[in-house]
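Structure file query.json with JSON, N, CA and C atoms:
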[["chain", "number", "residue", "atom", "x", "y", "z"],
["H", 286, "MET", "N", 97.40, 141.60, 145.34],
["H", 286, "MET", "CA", 97.92, 142.60, 144.44],
["H", 286, "MET", "C", 99.21, 142.12, 143.78],
["H", 287, "ASP", "N", 100.00, 141.35, 144.52],
["H", 287, "ASP", "CA", 101.25, 140.85, 143.96],
["H", 287, "ASP", "C", 101.01, 139.96, 142.75],
["H", 288, "SER", "N", 99.94, 139.19, 142.78],
["H", 288, "SER", "CA", 99.68, 138.31, 141.64],
["H", 288, "SER", "C", 99.38, 139.13, 140.39],
["H", 289, "ARG", "N", 98.71, 140.29, 140.54],
["H", 289, "ARG", "CA", 98.46, 141.15, 139.38],
["H", 289, "ARG", "C", 99.76, 141.74, 138.86],
["H", 290, "ASN", "N", 100.64, 142.15, 139.78],
["H", 290, "ASN", "CA", 101.94, 142.69, 139.36],
["H", 290, "ASN", "C", 102.77, 141.60, 138.68],
["H", 291, "ASP", "N", 102.73, 140.40, 139.23],
["H", 291, "ASP", "CA", 103.46, 139.30, 138.60],
["H", 291, "ASP", "C", 102.92, 139.01, 137.21],
["H", 292, "TRP", "N", 101.60, 139.04, 137.08],
["H", 292, "TRP", "CA", 100.96, 138.80, 135.79],
["H", 292, "TRP", "C", 101.38, 139.86, 134.78],
["H", 293, "PHE", "N", 101.38, 141.12, 135.21],
["H", 293, "PHE", "CA", 101.77, 142.21, 134.32],
["H", 293, "PHE", "C", 103.25, 142.09, 133.94],
["H", 294, "ASP", "N", 104.11, 141.78, 134.92],
["H", 294, "ASP", "CA", 105.53, 141.60, 134.64],
["H", 294, "ASP", "C", 105.75, 140.48, 133.63],
["H", 295, "LYS", "N", 105.00, 139.41, 133.79],
["H", 295, "LYS", "CA", 105.11, 138.27, 132.87],
["H", 295, "LYS", "C", 104.69, 138.69, 131.45],
["H", 296, "LEU", "N", 103.60, 139.45, 131.35],
["H", 296, "LEU", "CA", 103.17, 139.95, 130.04],
["H", 296, "LEU", "C", 104.24, 140.83, 129.41],
["H", 297, "TYR", "N", 104.82, 141.72, 130.23],
["H", 297, "TYR", "CA", 105.84, 142.63, 129.70],
["H", 297, "TYR", "C", 107.05, 141.85, 129.19],
["H", 298, "LEU", "N", 107.50, 140.89, 129.97],
["H", 298, "LEU", "CA", 108.66, 140.09, 129.54],
["H", 298, "LEU", "C", 108.34, 139.25, 128.31],
["H", 299, "GLN", "N", 107.11, 138.81, 128.19],
["H", 299, "GLN", "CA", 106.72, 137.96, 127.07],
["H", 299, "GLN", "C", 106.55, 138.76, 125.77],
["H", 300, "TYR", "N", 105.93, 139.93, 125.84],
["H", 300, "TYR", "CA", 105.55, 140.65, 124.61],
["H", 300, "TYR", "C", 106.41, 141.85, 124.26],
["H", 301, "SER", "N", 107.11, 142.43, 125.22],
["H", 301, "SER", "CA", 107.86, 143.66, 124.91],
["H", 301, "SER", "C", 108.96, 143.46, 123.86],
["H", 302, "PRO", "N", 109.71, 142.36, 123.86],
["H", 302, "PRO", "CA", 110.73, 142.22, 122.80],
["H", 302, "PRO", "C", 110.12, 142.23, 121.39],
["H", 303, "GLN", "N", 109.02, 141.55, 121.21],
["H", 303, "GLN", "CA", 108.34, 141.53, 119.91],
["H", 303, "GLN", "C", 107.84, 142.91, 119.54],
["H", 304, "MET", "N", 107.29, 143.62, 120.51],
["H", 304, "MET", "CA", 106.74, 144.95, 120.25],
["H", 304, "MET", "C", 107.84, 145.94, 119.90],
["H", 305, "VAL", "N", 108.96, 145.88, 120.61],
["H", 305, "VAL", "CA", 110.10, 146.76, 120.30],
["H", 305, "VAL", "C", 110.60, 146.45, 118.89],
["H", 306, "SER", "N", 110.66, 145.19, 118.55],
["H", 306, "SER", "CA", 111.11, 144.79, 117.22],
["H", 306, "SER", "C", 110.18, 145.34, 116.13],
["H", 307, "ILE", "N", 108.90, 145.26, 116.36],
["H", 307, "ILE", "CA", 107.93, 145.78, 115.39],
["H", 307, "ILE", "C", 108.14, 147.28, 115.21],
["H", 308, "ALA", "N", 108.31, 148.00, 116.31],
["H", 308, "ALA", "CA", 108.50, 149.45, 116.23],
["H", 308, "ALA", "C", 109.81, 149.79, 115.52],
["H", 309, "MET", "N", 110.83, 149.01, 115.74],
["H", 309, "MET", "CA", 112.11, 149.27, 115.05],
["H", 309, "MET", "C", 111.98, 149.01, 113.56],
["H", 310, "ARG", "N", 111.22, 147.99, 113.17],
["H", 310, "ARG", "CA", 111.00, 147.73, 111.75],
["H", 310, "ARG", "C", 110.18, 148.83, 111.09],
["H", 311, "ALA", "N", 109.44, 149.57, 111.92],
["H", 311, "ALA", "CA", 108.66, 150.70, 111.41],
["H", 311, "ALA", "C", 109.53, 151.94, 111.24],
["H", 312, "GLY", "N", 110.81, 151.84, 111.63],
["H", 312, "GLY", "CA", 111.73, 152.94, 111.40],
["H", 312, "GLY", "C", 112.12, 153.74, 112.62],
["H", 313, "PHE", "N", 111.82, 153.25, 113.80],
["H", 313, "PHE", "CA", 112.16, 153.96, 115.02],
["H", 313, "PHE", "C", 113.46, 153.44, 115.62],
["H", 314, "THR", "N", 114.15, 154.29, 116.36],
["H", 314, "THR", "CA", 115.38, 153.88, 117.04],
["H", 314, "THR", "C", 114.99, 152.96, 118.20],
["H", 315, "VAL", "N", 115.99, 152.32, 118.78],
["H", 315, "VAL", "CA", 115.74, 151.43, 119.92],
["H", 315, "VAL", "C", 115.06, 152.20, 121.05],
["H", 316, "GLU", "N", 115.57, 153.39, 121.34],
["H", 316, "GLU", "CA", 115.01, 154.19, 122.43],
["H", 316, "GLU", "C", 113.56, 154.58, 122.14],
["H", 317, "GLN", "N", 113.30, 155.00, 120.92],
["H", 317, "GLN", "CA", 111.92, 155.38, 120.55],
["H", 317, "GLN", "C", 111.00, 154.16, 120.60],
["H", 318, "ALA", "N", 111.49, 153.03, 120.10],
["H", 318, "ALA", "CA", 110.70, 151.80, 120.09],
["H", 318, "ALA", "C", 110.37, 151.36, 121.51],
["H", 319, "GLU", "N", 111.34, 151.45, 122.41],
["H", 319, "GLU", "CA", 111.09, 151.09, 123.80],
["H", 319, "GLU", "C", 110.09, 152.04, 124.45],
["H", 320, "SER", "N", 110.20, 153.31, 124.13],
["H", 320, "SER", "CA", 109.28, 154.30, 124.69],
["H", 320, "SER", "C", 107.85, 154.06, 124.21],
["H", 321, "ILE", "N", 107.69, 153.78, 122.94],
["H", 321, "ILE", "CA", 106.36, 153.50, 122.39],
["H", 321, "ILE", "C", 105.79, 152.22, 123.00],
["H", 322, "THR", "N", 106.63, 151.22, 123.16],
["H", 322, "THR", "CA", 106.21, 149.97, 123.78],
["H", 322, "THR", "C", 105.76, 150.20, 125.22],
["H", 323, "GLN", "N", 106.51, 150.99, 125.95],
["H", 323, "GLN", "CA", 106.13, 151.29, 127.34],
["H", 323, "GLN", "C", 104.81, 152.05, 127.38],
["H", 324, "GLU", "N", 104.60, 152.95, 126.43],
["H", 324, "GLU", "CA", 103.33, 153.68, 126.36],
["H", 324, "GLU", "C", 102.17, 152.71, 126.11],
["H", 325, "ALA", "N", 102.38, 151.72, 125.25],
["H", 325, "ALA", "CA", 101.33, 150.72, 124.99],
["H", 325, "ALA", "C", 101.01, 149.94, 126.26],
["H", 326, "PHE", "N", 102.03, 149.56, 127.01],
["H", 326, "PHE", "CA", 101.80, 148.83, 128.26],
["H", 326, "PHE", "C", 101.13, 149.71, 129.30],
["H", 327, "LEU", "N", 101.49, 150.99, 129.35],
["H", 327, "LEU", "CA", 100.85, 151.90, 130.28],
["H", 327, "LEU", "C", 99.36, 152.03, 129.97],
["H", 328, "ARG", "N", 99.04, 152.15, 128.69],
["H", 328, "ARG", "CA", 97.63, 152.21, 128.31],
["H", 328, "ARG", "C", 96.91, 150.92, 128.65],
["H", 329, "PHE", "N", 97.59, 149.80, 128.44],
["H", 329, "PHE", "CA", 97.00, 148.51, 128.78],
["H", 329, "PHE", "C", 96.70, 148.45, 130.28],
["H", 330, "LEU", "N", 97.64, 148.90, 131.07],
["H", 330, "LEU", "CA", 97.48, 148.85, 132.52],
["H", 330, "LEU", "C", 96.34, 149.74, 132.99],
["H", 331, "THR", "N", 96.18, 150.89, 132.37],
["H", 331, "THR", "CA", 95.14, 151.82, 132.81],
["H", 331, "THR", "C", 93.78, 151.59, 132.14],
["H", 332, "GLU", "N", 93.76, 151.10, 130.91],
["H", 332, "GLU", "CA", 92.50, 150.97, 130.18],
["H", 332, "GLU", "C", 91.97, 149.55, 130.07],
["H", 333, "ALA", "N", 92.81, 148.57, 130.22],
["H", 333, "ALA", "CA", 92.38, 147.18, 130.03],
["H", 333, "ALA", "C", 91.31, 146.74, 131.02],
["H", 334, "PRO", "N", 91.34, 147.18, 132.27],
["H", 334, "PRO", "CA", 90.25, 146.75, 133.17],
["H", 334, "PRO", "C", 88.87, 147.13, 132.65],
["H", 335, "THR", "N", 88.74, 148.24, 131.95],
["H", 335, "THR", "CA", 87.45, 148.64, 131.41],
["H", 335, "THR", "C", 87.15, 147.91, 130.10],
["H", 336, "ALA", "N", 88.16, 147.35, 129.47],
["H", 336, "ALA", "CA", 87.98, 146.64, 128.20],
["H", 336, "ALA", "C", 87.78, 145.15, 128.38],
["H", 337, "GLN", "N", 87.80, 144.67, 129.61],
["H", 337, "GLN", "CA", 87.70, 143.23, 129.83],
["H", 337, "GLN", "C", 86.39, 142.65, 129.32],
["H", 338, "GLY", "N", 85.34, 143.43, 129.28],
["H", 338, "GLY", "CA", 84.07, 142.94, 128.78],
["H", 338, "GLY", "C", 84.11, 142.61, 127.30],
["H", 339, "ASN", "N", 85.11, 143.10, 126.59],
["H", 339, "ASN", "CA", 85.23, 142.86, 125.16],
["H", 339, "ASN", "C", 85.86, 141.50, 124.86],
["H", 340, "HIS", "N", 86.27, 140.76, 125.88],
["H", 340, "HIS", "CA", 86.89, 139.45, 125.73],
["H", 340, "HIS", "C", 88.12, 139.52, 124.82],
["H", 341, "CYS", "N", 88.87, 140.56, 124.95],
["H", 341, "CYS", "CA", 90.06, 140.78, 124.14],
["H", 341, "CYS", "C", 91.26, 140.18, 124.86],
["H", 342, "SER", "N", 92.11, 139.50, 124.12],
["H", 342, "SER", "CA", 93.30, 138.94, 124.73],
["H", 342, "SER", "C", 94.31, 140.05, 124.99],
["H", 343, "PRO", "N", 95.14, 139.90, 126.02],
["H", 343, "PRO", "CA", 96.15, 140.92, 126.30],
["H", 343, "PRO", "C", 97.06, 141.17, 125.09],
["H", 344, "ARG", "N", 97.45, 140.11, 124.40],
["H", 344, "ARG", "CA", 98.33, 140.26, 123.24],
["H", 344, "ARG", "C", 97.66, 141.10, 122.14],
["H", 345, "ALA", "N", 96.40, 140.81, 121.86],
["H", 345, "ALA", "CA", 95.68, 141.56, 120.84],
["H", 345, "ALA", "C", 95.54, 143.02, 121.23],
["H", 346, "TYR", "N", 95.22, 143.26, 122.49],
["H", 346, "TYR", "CA", 95.08, 144.63, 122.98],
["H", 346, "TYR", "C", 96.41, 145.38, 122.85],
["H", 347, "LEU", "N", 97.50, 144.75, 123.27],
["H", 347, "LEU", "CA", 98.81, 145.39, 123.22],
["H", 347, "LEU", "C", 99.25, 145.67, 121.79],
["H", 348, "LEU", "N", 99.08, 144.72, 120.91],
["H", 348, "LEU", "CA", 99.52, 144.92, 119.52],
["H", 348, "LEU", "C", 98.66, 145.95, 118.79],
["H", 349, "THR", "N", 97.38, 145.97, 119.10],
["H", 349, "THR", "CA", 96.51, 146.99, 118.50],
["H", 349, "THR", "C", 96.89, 148.37, 119.00],
["H", 350, "THR", "N", 97.15, 148.48, 120.29],
["H", 350, "THR", "CA", 97.57, 149.76, 120.87],
["H", 350, "THR", "C", 98.90, 150.18, 120.29],
["H", 351, "LEU", "N", 99.82, 149.25, 120.16],
["H", 351, "LEU", "CA", 101.13, 149.56, 119.56],
["H", 351, "LEU", "C", 100.96, 150.06, 118.14],
["H", 352, "ARG", "N", 100.12, 149.40, 117.36],
["H", 352, "ARG", "CA", 99.87, 149.83, 115.98],
["H", 352, "ARG", "C", 99.36, 151.27, 115.94],
["H", 353, "ASP", "N", 98.42, 151.58, 116.81],
["H", 353, "ASP", "CA", 97.86, 152.93, 116.85],
["H", 353, "ASP", "C", 98.91, 153.96, 117.26],
["H", 354, "LEU", "N", 99.72, 153.63, 118.25],
["H", 354, "LEU", "CA", 100.78, 154.55, 118.69],
["H", 354, "LEU", "C", 101.83, 154.76, 117.60],
["H", 355, "LEU", "N", 102.17, 153.69, 116.89],
["H", 355, "LEU", "CA", 103.14, 153.82, 115.79],
["H", 355, "LEU", "C", 102.58, 154.71, 114.69],
["H", 356, "ALA", "N", 101.31, 154.53, 114.36],
["H", 356, "ALA", "CA", 100.69, 155.37, 113.33],
["H", 356, "ALA", "C", 100.71, 156.83, 113.75],
["H", 357, "ASP", "N", 100.38, 157.10, 115.01],
["H", 357, "ASP", "CA", 100.41, 158.48, 115.51],
["H", 357, "ASP", "C", 101.81, 159.07, 115.43],
["H", 358, "ALA", "N", 102.80, 158.28, 115.84],
["H", 358, "ALA", "CA", 104.18, 158.76, 115.83],
["H", 358, "ALA", "C", 104.67, 159.01, 114.40],
["H", 359, "LEU", "N", 104.28, 158.15, 113.48],
["H", 359, "LEU", "CA", 104.68, 158.35, 112.08],
["H", 359, "LEU", "C", 104.01, 159.58, 111.48],
["H", 360, "ARG", "N", 102.76, 159.82, 111.84],
["H", 360, "ARG", "CA", 102.08, 161.03, 111.36],
["H", 360, "ARG", "C", 102.76, 162.28, 111.90],
["H", 361, "GLN", "N", 103.13, 162.25, 113.17],
["H", 361, "GLN", "CA", 103.83, 163.40, 113.77],
["H", 361, "GLN", "C", 105.18, 163.61, 113.09],
["H", 362, "ARG", "N", 105.87, 162.53, 112.81],
["H", 362, "ARG", "CA", 107.18, 162.63, 112.15],
["H", 362, "ARG", "C", 107.03, 163.24, 110.77],
["H", 363, "ARG", "N", 106.04, 162.80, 110.01],
["H", 363, "ARG", "CA", 105.81, 163.35, 108.67],
["H", 363, "ARG", "C", 105.46, 164.83, 108.73],
["H", 364, "GLY", "N", 104.69, 165.20, 109.73],
["H", 364, "GLY", "CA", 104.32, 166.61, 109.90],
["H", 364, "GLY", "C", 105.53, 167.48, 110.19],
["H", 365, "ARG", "N", 106.44, 167.00, 111.00],
["H", 365, "ARG", "CA", 107.67, 167.75, 111.29],
["H", 365, "ARG", "C", 108.57, 167.83, 110.07],
["H", 366, "ASP", "N", 108.64, 166.72, 109.31],
["H", 366, "ASP", "CA", 109.48, 166.70, 108.11],
["H", 366, "ASP", "C", 108.95, 167.63, 107.03],
["H", 367, "ALA", "N", 107.65, 167.80, 106.98],
["H", 367, "ALA", "CA", 107.06, 168.66, 105.95],
["H", 367, "ALA", "C", 107.41, 170.12, 106.17],
["H", 368, "PHE", "N", 107.66, 170.48, 107.42],
["H", 368, "PHE", "CA", 107.99, 171.88, 107.74],
["H", 368, "PHE", "C", 109.49, 172.12, 107.84],
["H", 369, "SER", "N", 110.29, 171.11, 107.63],
["H", 369, "SER", "CA", 111.75, 171.26, 107.74],
["H", 369, "SER", "C", 112.35, 171.77, 106.46]]
As structure tokens, how would this structure be written, given the file I've shared?
Amino acid sequence: MDSRNDWFDKLYLQYSPQMVSIAMRAGFTVEQAESITQEAFLRFLTEAPTAQGNHCSPRAYLLTTLRDLLADALRQRRGRDAFS
């Protein structure tokens, strides 16, 4: 089990800075960007074992999930702004 945790930690250290940066360029604060990045990793941790048959790389899975989460967050933000 430790090797899986080490693998996940290594992925987080490798990809999280890039993912936070992408989220910040999309207009989110550091805190929001980190939260969205953590959500992407949480989904990866819980859903990736079932997606392994798709031969998807961890990086591709994480960036695709991040893109989807950013789109959702931007839609929510626009919805709140429309009613303000």
Contacts of Val305 (chain H) at 12 Å or less, counting only C-alpha atoms, minus same-chain residues fewer than 2 places along, as a VMD selection string? chain H and resid 297 to 303 307 to 326 347 to 348 351 to 352 355
Which distance in Å separates CA of Glu332 (chain H) and CA of Asp291 (chain H), to one decimal?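 So the answer is 18.1 Å.
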Quick one, how far is CA of Ala345 (chain H) from atom N of Ser288 (chain H)?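 Pair CA of Ala345 (chain H) / atom N of Ser288 (chain H) returns 22.5 Å.
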To one decimal place, how far is CA of Phe293 (chain H) from atom C of Thr331 (chain H) in Å?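 Interatomic distance, CA of Phe293 (chain H) to atom C of Thr331 (chain H): 12.5 Å.
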